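Structure, as structure tokens:
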Amino acid sequence: MTRFSPFKAAQRGLCITLFALLPAMSQAATPALRPVSTTESAALAQRVKDEMRHAWQGYKQYAWGHDALSPLSKKPRDWYAHSLLMTPVDALDTLVIMGLKTEADEARELIATQLSFDQDMEVQNFEITIRLLGGLISAYQLTGDDRLLAKADDLGRRLLPVFESPTGLPYTHVNLRTGKVSGKVSNPAETGTLVLEFGMLSKLTGKPVYFDKAKRALVETYQRASKDGLVGSAIDVETGKWVNTDAHIGGGIDSYYEYLYKCYRLFGDAECKAMWDHSIAGVNKSLADKRDGALWYGHADMNTGRRTATQYGALDAFMPALLALGGDVPRATALQESGLRMWRVAGVEPEALDYARMKITSPGYALRPEIIESAYYLNHYTGDARYRAMGREFFEAFVRYCRTDAGYAALKDVRTKVQEDSMESFVFAETFKYFYLLFAPKEALDFDAVTFNTEAHPLRLPAAH
């Protein structure tokens, strides 16, 4: 955006001087991160809890029994013809962790008595798995309510037909009642982000089929990677051929890499660890990109490693957490600093940024949690107060720009801060949870005793019934 109107000749010298000073002025104006004391951190945790309750009450008042609340119109929204209680299932473990007992109990009773998967409708396997299957299993482990495990088992059984492709890679959609599948063009995130949820279901029910099918899908995805372990953006599940060879760590691929490592962490699976070691080396070799001293991860062709785009965004911002979890804290800290730079371009992170030009290319903000997740992981691994200070900056902007009188609204454009009538269930499952855990004492949840699925549902270690 041009800041000055065309200037007259007499003003030219002054303006050129000002332009010369702008980079230094801009750098000096970048706000430093003010340390967060233990007392302030506790107060922030309470604020997060209060805001979680505020959003939950909006859902309860205007959308009870439905998948989600549209927070501006104050109307309910369902994903499909029948509600699958997306928000209550996604929110339940967060409510329990925060100690919001009344709200947790009402969510649990609604789910136990009203949620039915016996519906003649086609659903997306990936989203249903990470949100509902993961949410039900986590909530069962936290509450001990057998009704939740029974729901998870029923759902898992209805999702199994997706794996019946010639390759074992799952179709994208399945009818919950008939088992009819559709959607043969998928992506690594959808084919490879199932093993934690289905694997836990196997451990808790004693039915090996769940783990076996999901693990095979993960392995089949990996076996089609490049020699450096890179995967593309789209794959035909019937032929196993790549439809798009664009490699990156963003949406459509992100959680594939996450589950390679987390499969090892949760189940002690040595094969997953070997696949992770190979894959992350390739990712760091071909996708990592240093620009002006900053670390980013961009796009490249999976086969040649040729750089195809200098794009990083809100979904890529999970990577510092994964790097830290996998033991590469130095790289994780460097990448998180880039995430902070991205956030500060407009005061809230955009969906996508061209980091070579520091120009926003996709301006929406869907209330995503990934950058907060990474701050939480890095705070855990380093103990550096810098990450709580980052979290405070993120949280204050989140409240300032996204809060409504009925909940929280996404932003259409982070530059204008115009709100959008959307409050996805992951706000409850992930965004509020990671904010809370970042500020709360470590006793709020034993990090080392759980593995979070990609929807932030904590699954307990060891994975045993």
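Note on naming: chains are A, B, ... as they come in the structure tokens, residues start from 1 per chain, ligands start from 1 in the order shown.
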
Next on the checklist: Run DSSP on the backbone and tell me which residues of stretch 280-331 of chain A come out as strand (DSSP E); list them as JSON, numbers by chain.
Outcome noted: {"A": [288, 289, 290, 291, 294, 295, 296, 297, 299, 300, 301, 307, 308, 309, 311, 312, 313]}

Generate the output file for the selected residues, N, CA and C atoms, as a PDB file, in the first residue's frame.
```pdb
ATOM      1  N   ALA A 288      12.848 -26.590   3.749  1.00  0.00           N
ATOM      2  CA  ALA A 288      13.353 -25.510   4.592  1.00  0.00           C
ATOM      3  C   ALA A 288      14.014 -24.449   3.723  1.00  0.00           C
ATOM      4  N   ASP A 289      13.813 -23.183   4.087  1.00  0.00           N
ATOM      5  CA  ASP A 289      14.265 -22.085   3.239  1.00  0.00           C
ATOM      6  C   ASP A 289      14.705 -20.909   4.107  1.00  0.00           C
ATOM      7  N   LYS A 290      15.979 -20.543   4.017  1.00  0.00           N
ATOM      8  CA  LYS A 290      16.490 -19.403   4.767  1.00  0.00           C
ATOM      9  C   LYS A 290      16.358 -18.128   3.928  1.00  0.00           C
ATOM     10  N   ARG A 291      15.724 -17.116   4.493  1.00  0.00           N
ATOM     11  CA  ARG A 291      15.578 -15.822   3.832  1.00  0.00           C
ATOM     12  C   ARG A 291      15.893 -14.719   4.822  1.00  0.00           C
ATOM     13  N   ALA A 294      16.104 -15.628   8.353  1.00  0.00           N
ATOM     14  CA  ALA A 294      14.935 -16.267   8.970  1.00  0.00           C
ATOM     15  C   ALA A 294      14.683 -17.631   8.328  1.00  0.00           C
ATOM     16  N   LEU A 295      14.196 -18.582   9.109  1.00  0.00           N
ATOM     17  CA  LEU A 295      13.883 -19.928   8.627  1.00  0.00           C
ATOM     18  C   LEU A 295      12.407 -20.031   8.272  1.00  0.00           C
ATOM     19  N   TRP A 296      12.128 -20.507   7.074  1.00  0.00           N
ATOM     20  CA  TRP A 296      10.755 -20.769   6.636  1.00  0.00           C
ATOM     21  C   TRP A 296      10.712 -22.163   6.016  1.00  0.00           C
ATOM     22  N   TYR A 297       9.516 -22.638   5.724  1.00  0.00           N
ATOM     23  CA  TYR A 297       9.353 -23.861   4.940  1.00  0.00           C
ATOM     24  C   TYR A 297       8.438 -23.513   3.770  1.00  0.00           C
ATOM     25  N   HIS A 299       7.450 -24.458  -0.675  1.00  0.00           N
ATOM     26  CA  HIS A 299       6.962 -25.523  -1.541  1.00  0.00           C
ATOM     27  C   HIS A 299       8.063 -25.934  -2.514  1.00  0.00           C
ATOM     28  N   ALA A 300       8.043 -27.204  -2.903  1.00  0.00           N
ATOM     29  CA  ALA A 300       8.997 -27.711  -3.900  1.00  0.00           C
ATOM     30  C   ALA A 300       8.363 -28.904  -4.606  1.00  0.00           C
ATOM     31  N   ASP A 301       8.868 -29.232  -5.773  1.00  0.00           N
ATOM     32  CA  ASP A 301       8.421 -30.450  -6.443  1.00  0.00           C
ATOM     33  C   ASP A 301       8.959 -31.653  -5.671  1.00  0.00           C
ATOM     34  N   ARG A 307      12.272 -25.532  -5.960  1.00  0.00           N
ATOM     35  CA  ARG A 307      11.385 -24.608  -5.241  1.00  0.00           C
ATOM     36  C   ARG A 307      10.267 -24.151  -6.156  1.00  0.00           C
ATOM     37  N   THR A 308       9.029 -24.293  -5.715  1.00  0.00           N
ATOM     38  CA  THR A 308       7.881 -23.897  -6.536  1.00  0.00           C
ATOM     39  C   THR A 308       7.115 -22.719  -5.958  1.00  0.00           C
ATOM     40  N   ALA A 309       7.244 -22.472  -4.663  1.00  0.00           N
ATOM     41  CA  ALA A 309       6.553 -21.331  -4.057  1.00  0.00           C
ATOM     42  C   ALA A 309       7.204 -20.996  -2.724  1.00  0.00           C
ATOM     43  N   GLN A 311       5.707 -19.930   0.084  1.00  0.00           N
ATOM     44  CA  GLN A 311       4.471 -19.738   0.859  1.00  0.00           C
ATOM     45  C   GLN A 311       4.545 -20.461   2.196  1.00  0.00           C
ATOM     46  N   TYR A 312       4.133 -19.751   3.228  1.00  0.00           N
ATOM     47  CA  TYR A 312       4.039 -20.289   4.596  1.00  0.00           C
ATOM     48  C   TYR A 312       2.775 -19.674   5.179  1.00  0.00           C
ATOM     49  N   GLY A 313       2.093 -20.409   6.047  1.00  0.00           N
ATOM     50  CA  GLY A 313       0.845 -19.858   6.556  1.00  0.00           C
ATOM     51  C   GLY A 313       0.421 -20.440   7.886  1.00  0.00           C
TER      52      GLY A 313
END
```

Item to check | 12 Å contact set for A:Leu204, only C-alpha atoms, chain neighbours under 5 positions out, as a PyMOL selection string | outcome: chain A and resi 136-138+140-141+144+146+148-150+152-153+197-199+210-211+459-460+462-465

Next on the checklist: I'd like to know which residues of stretch 117-285 of chain A are helix (DSSP H, G or I) (by DSSP, run on the backbone); could you write them as number ranges by chain?
Outcome noted: A: 125-143, 146-163, 188-192, 195-205, 208-223, 254-267, 270-285

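We find atom CA of A:Asp50 and atom CA of A:Ala385 to be spaced 22.9 Å apart.
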
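Considering the residues A:Gly58, A:Gly134, A:Gly326, A:Gly347 and counting only C-alpha atoms, A:Lys151 has its shortest atom-to-atom contact with A:Gly134.
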
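Proximity to A:Arg415 was assessed for A:Leu92, A:Ala332, A:Ala81, A:Ile360 counting only C-alpha atoms; the smallest distance is recorded for A:Ile360.
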
Checklist entry - Which neighbours of stretch 264-271 of chain A fall inside 9 Å, counting only C-alpha atoms, when residues of the same chain fewer than 3 positions from it are skipped, and could you give them as a ChimeraX atom specification? => result /A:196,199-200,219,259-261,274-276,450-451,459-463

Residues as selected, N, CA, C and O atoms, written as a PDB file, in the first residue's frame, can you do that?
```pdb
ATOM      1  N   LEU A 196      -3.552 -42.663  14.883  1.00  0.00           N
ATOM      2  CA  LEU A 196      -3.664 -42.433  16.333  1.00  0.00           C
ATOM      3  C   LEU A 196      -5.061 -42.776  16.822  1.00  0.00           C
ATOM      4  O   LEU A 196      -5.235 -43.457  17.840  1.00  0.00           O
ATOM      5  N   GLY A 199      -5.877 -46.485  15.984  1.00  0.00           N
ATOM      6  CA  GLY A 199      -4.993 -47.302  16.810  1.00  0.00           C
ATOM      7  C   GLY A 199      -5.433 -47.325  18.261  1.00  0.00           C
ATOM      8  O   GLY A 199      -5.431 -48.382  18.911  1.00  0.00           O
ATOM      9  N   MET A 200      -5.809 -46.176  18.795  1.00  0.00           N
ATOM     10  CA  MET A 200      -6.310 -46.138  20.169  1.00  0.00           C
ATOM     11  C   MET A 200      -7.599 -46.934  20.298  1.00  0.00           C
ATOM     12  O   MET A 200      -7.827 -47.614  21.310  1.00  0.00           O
ATOM     13  N   VAL A 219       1.519 -46.435   5.885  1.00  0.00           N
ATOM     14  CA  VAL A 219       2.671 -47.050   5.211  1.00  0.00           C
ATOM     15  C   VAL A 219       2.542 -46.933   3.692  1.00  0.00           C
ATOM     16  O   VAL A 219       3.527 -46.621   2.995  1.00  0.00           O
ATOM     17  N   TYR A 259       1.857 -37.484  12.121  1.00  0.00           N
ATOM     18  CA  TYR A 259       1.459 -38.812  12.594  1.00  0.00           C
ATOM     19  C   TYR A 259       2.559 -39.854  12.419  1.00  0.00           C
ATOM     20  O   TYR A 259       2.546 -40.879  13.102  1.00  0.00           O
ATOM     21  N   LEU A 260       3.511 -39.609  11.513  1.00  0.00           N
ATOM     22  CA  LEU A 260       4.656 -40.517  11.444  1.00  0.00           C
ATOM     23  C   LEU A 260       5.378 -40.536  12.786  1.00  0.00           C
ATOM     24  O   LEU A 260       5.706 -41.606  13.320  1.00  0.00           O
ATOM     25  N   TYR A 261       5.626 -39.350  13.332  1.00  0.00           N
ATOM     26  CA  TYR A 261       6.333 -39.310  14.618  1.00  0.00           C
ATOM     27  C   TYR A 261       5.414 -39.707  15.774  1.00  0.00           C
ATOM     28  O   TYR A 261       5.818 -40.457  16.671  1.00  0.00           O
ATOM     29  N   ALA A 274      11.248 -45.003  11.818  1.00  0.00           N
ATOM     30  CA  ALA A 274      12.148 -45.047  10.659  1.00  0.00           C
ATOM     31  C   ALA A 274      11.591 -44.201   9.513  1.00  0.00           C
ATOM     32  O   ALA A 274      12.346 -43.480   8.832  1.00  0.00           O
ATOM     33  N   MET A 275      10.284 -44.265   9.303  1.00  0.00           N
ATOM     34  CA  MET A 275       9.659 -43.464   8.242  1.00  0.00           C
ATOM     35  C   MET A 275       9.776 -41.979   8.569  1.00  0.00           C
ATOM     36  O   MET A 275      10.020 -41.145   7.686  1.00  0.00           O
ATOM     37  N   TRP A 276       9.606 -41.630   9.835  1.00  0.00           N
ATOM     38  CA  TRP A 276       9.755 -40.246  10.274  1.00  0.00           C
ATOM     39  C   TRP A 276      11.180 -39.747  10.045  1.00  0.00           C
ATOM     40  O   TRP A 276      11.381 -38.665   9.494  1.00  0.00           O
ATOM     41  N   VAL A 450       0.730 -37.878  27.567  1.00  0.00           N
ATOM     42  CA  VAL A 450      -0.265 -37.903  26.498  1.00  0.00           C
ATOM     43  C   VAL A 450       0.397 -37.605  25.155  1.00  0.00           C
ATOM     44  O   VAL A 450       1.488 -37.048  25.090  1.00  0.00           O
ATOM     45  N   THR A 451      -0.297 -37.988  24.104  1.00  0.00           N
ATOM     46  CA  THR A 451       0.037 -37.569  22.750  1.00  0.00           C
ATOM     47  C   THR A 451      -1.211 -36.921  22.176  1.00  0.00           C
ATOM     48  O   THR A 451      -2.285 -37.529  22.174  1.00  0.00           O
ATOM     49  N   LEU A 459      -4.392 -38.195  23.918  1.00  0.00           N
ATOM     50  CA  LEU A 459      -4.537 -39.646  24.019  1.00  0.00           C
ATOM     51  C   LEU A 459      -3.481 -40.150  24.990  1.00  0.00           C
ATOM     52  O   LEU A 459      -2.330 -39.754  24.924  1.00  0.00           O
ATOM     53  N   ARG A 460      -3.890 -41.011  25.883  1.00  0.00           N
ATOM     54  CA  ARG A 460      -3.061 -41.331  27.042  1.00  0.00           C
ATOM     55  C   ARG A 460      -2.027 -42.409  26.760  1.00  0.00           C
ATOM     56  O   ARG A 460      -2.293 -43.385  26.069  1.00  0.00           O
ATOM     57  N   LEU A 461      -0.850 -42.203  27.327  1.00  0.00           N
ATOM     58  CA  LEU A 461       0.222 -43.201  27.290  1.00  0.00           C
ATOM     59  C   LEU A 461       0.280 -43.946  28.623  1.00  0.00           C
ATOM     60  O   LEU A 461       0.096 -43.309  29.665  1.00  0.00           O
ATOM     61  N   PRO A 462       0.619 -45.228  28.668  1.00  0.00           N
ATOM     62  CA  PRO A 462       0.749 -46.070  27.475  1.00  0.00           C
ATOM     63  C   PRO A 462      -0.617 -46.389  26.895  1.00  0.00           C
ATOM     64  O   PRO A 462      -1.614 -46.363  27.615  1.00  0.00           O
ATOM     65  N   ALA A 463      -0.648 -46.671  25.638  1.00  0.00           N
ATOM     66  CA  ALA A 463      -1.913 -46.952  24.960  1.00  0.00           C
ATOM     67  C   ALA A 463      -2.342 -48.375  25.295  1.00  0.00           C
ATOM     68  O   ALA A 463      -2.111 -49.308  24.555  1.00  0.00           O
TER      69      ALA A 463
END
```

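Atom to atom, atom CA of A:Met52 and atom CA of A:Phe428 stand 7.1 Å apart.
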